Amino acid sequence: MKIAPDEKIHAVLFDLDGTLLDRASSLELFLNQQYDRFAVPLSDIDRGIYIRTIMELDRHGHVPNPEVYALAQGRLHLSSELSAALLNDFKTIFPSQAIPFSGMHEMLKSLSSMSLALGLVTNGSVQSQRPKIEALRIADYFGVLLISEEQGVRKPDPEIYRRAMRKLDSTPANTVFIGDHPEADIAGAARLGLKTIWKRNDCWPAPRQADGVIDGLEEIPALITRWRKAK
């Protein structure tokens, strides 16, 4: 991809879940522990079946938590009281059990050393997203941190990207968005003119619009360096 000199990359925006946060591993860890905490009322359900069912219904974080446990109530024949207790347990404990993808801190430090303005744009509630950010210890890297519930607008609505860019004094031509979801992250940012990097995963089909594709976070600094040097 050719980057003109007046389009030198100035800012990088990140998605959270599935991009910096290894949500699948975090959820699997949590569900194992949840099963242990509720071992008696869940004793008639195999551990593996319980974990697989919740993870399937969760759809990588794109189904609201109350809906996940409401569906699980029917699928696993749970009582309404147990379903409500499991949901409350999820809301209370899961956000703080955040497992990062390998190399996350090293990558963020590297980008910061390149004089890039960094931002985080994530869909979700403050109650769920703030504890994840705190658990990952990443807030200090970002000049802007937008959570959709606070903003009243969600990706892929272009307004949430615009707000982040205004705060970082950047434009679509010199901003990169990095995420894992083909629509909410990549297509939404691309429609506004941002350059995009898709973090490949097995959950979603590859987006058409991505300017770059990575398998690991450690690939990001070198890719952006190449783009900044492109003539």
# chains A, B, ... in the order shown; residues from 1 in each chain; ligands from 1
>>> closest_atom_pairs(of="region 72-175 of chain A", to="region 38-49 of chain A", cutoff="9 Å", atoms="only C-alpha atoms", output="JSON lines")
{"residue": "A:Leu76", "atom": "CA", "partner": "A:Ile45", "partner_atom": "CA", "distance": 7.6}
{"residue": "A:Leu78", "atom": "CA", "partner": "A:Leu42", "partner_atom": "CA", "distance": 8.4}
{"residue": "A:Leu82", "atom": "CA", "partner": "A:Pro41", "partner_atom": "CA", "distance": 7.6}
{"residue": "A:Leu86", "atom": "CA", "partner": "A:Phe38", "partner_atom": "CA", "distance": 8.2}
>>> select_by_dssp(residues="region 71-175 of chain A", states="helix (DSSP H, G or I)", output="ChimeraX atom specification")
/A:71-75,80-96,104-113,126-136,139-141,148-151,158-168,172-174
>>> residues_around(residues="region 192-199 of chain A", least_positions_apart="5", cutoff="7 Å", atoms="only C-alpha atoms", output="ChimeraX atom specification")
/A:19,158,172-173,175-180,186,210-215
>>> write_last_selection(atoms="C-alpha atoms", output="PDB file, in the first residue's frame")
ATOM      1  CA  THR A  19      -7.751  -7.607  19.549  1.00  0.00           C
ATOM      2  CA  PRO A 158     -18.684   6.672  12.039  1.00  0.00           C
ATOM      3  CA  PRO A 172      -8.817   9.428   8.532  1.00  0.00           C
ATOM      4  CA  ALA A 173      -5.895   9.707   6.104  1.00  0.00           C
ATOM      5  CA  THR A 175      -5.130   7.130  11.293  1.00  0.00           C
ATOM      6  CA  VAL A 176      -5.038   3.321  11.471  1.00  0.00           C
ATOM      7  CA  PHE A 177      -7.735   1.211  13.105  1.00  0.00           C
ATOM      8  CA  ILE A 178      -6.838  -2.273  14.358  1.00  0.00           C
ATOM      9  CA  GLY A 179      -9.523  -4.800  15.231  1.00  0.00           C
ATOM     10  CA  ASP A 180     -10.834  -8.321  14.801  1.00  0.00           C
ATOM     11  CA  ILE A 186     -12.686  -3.007   9.759  1.00  0.00           C
ATOM     12  CA  ALA A 210      -8.444  -4.477   5.354  1.00  0.00           C
ATOM     13  CA  ASP A 211      -5.221  -2.738   4.262  1.00  0.00           C
ATOM     14  CA  GLY A 212      -3.178  -5.144   6.374  1.00  0.00           C
ATOM     15  CA  VAL A 213      -3.655  -8.512   8.076  1.00  0.00           C
ATOM     16  CA  ILE A 214      -1.772  -9.788  11.132  1.00  0.00           C
ATOM     17  CA  ASP A 215      -1.783 -12.986  13.154  1.00  0.00           C
TER      18      ASP A 215
END
>>> closest_residue(among="A:Ile220, A:Leu21, A:Val153, A:Val144", to="Arg166 (chain A)", atoms="only C-alpha atoms")
A:Val144
>>> select_by_dssp(residues="region 7-225 of chain A", states="strand (DSSP E or B)", output="PyMOL selection string")
chain A and resi 11-14+17+21+100+117-122+144-147+175-179+195-199+212-214
>>> closest_residue(among="A:Pro100, A:Pro131, A:Gly143, A:Pro66", to="Ser115 (chain A)", atoms="only C-alpha atoms")
A:Gly143
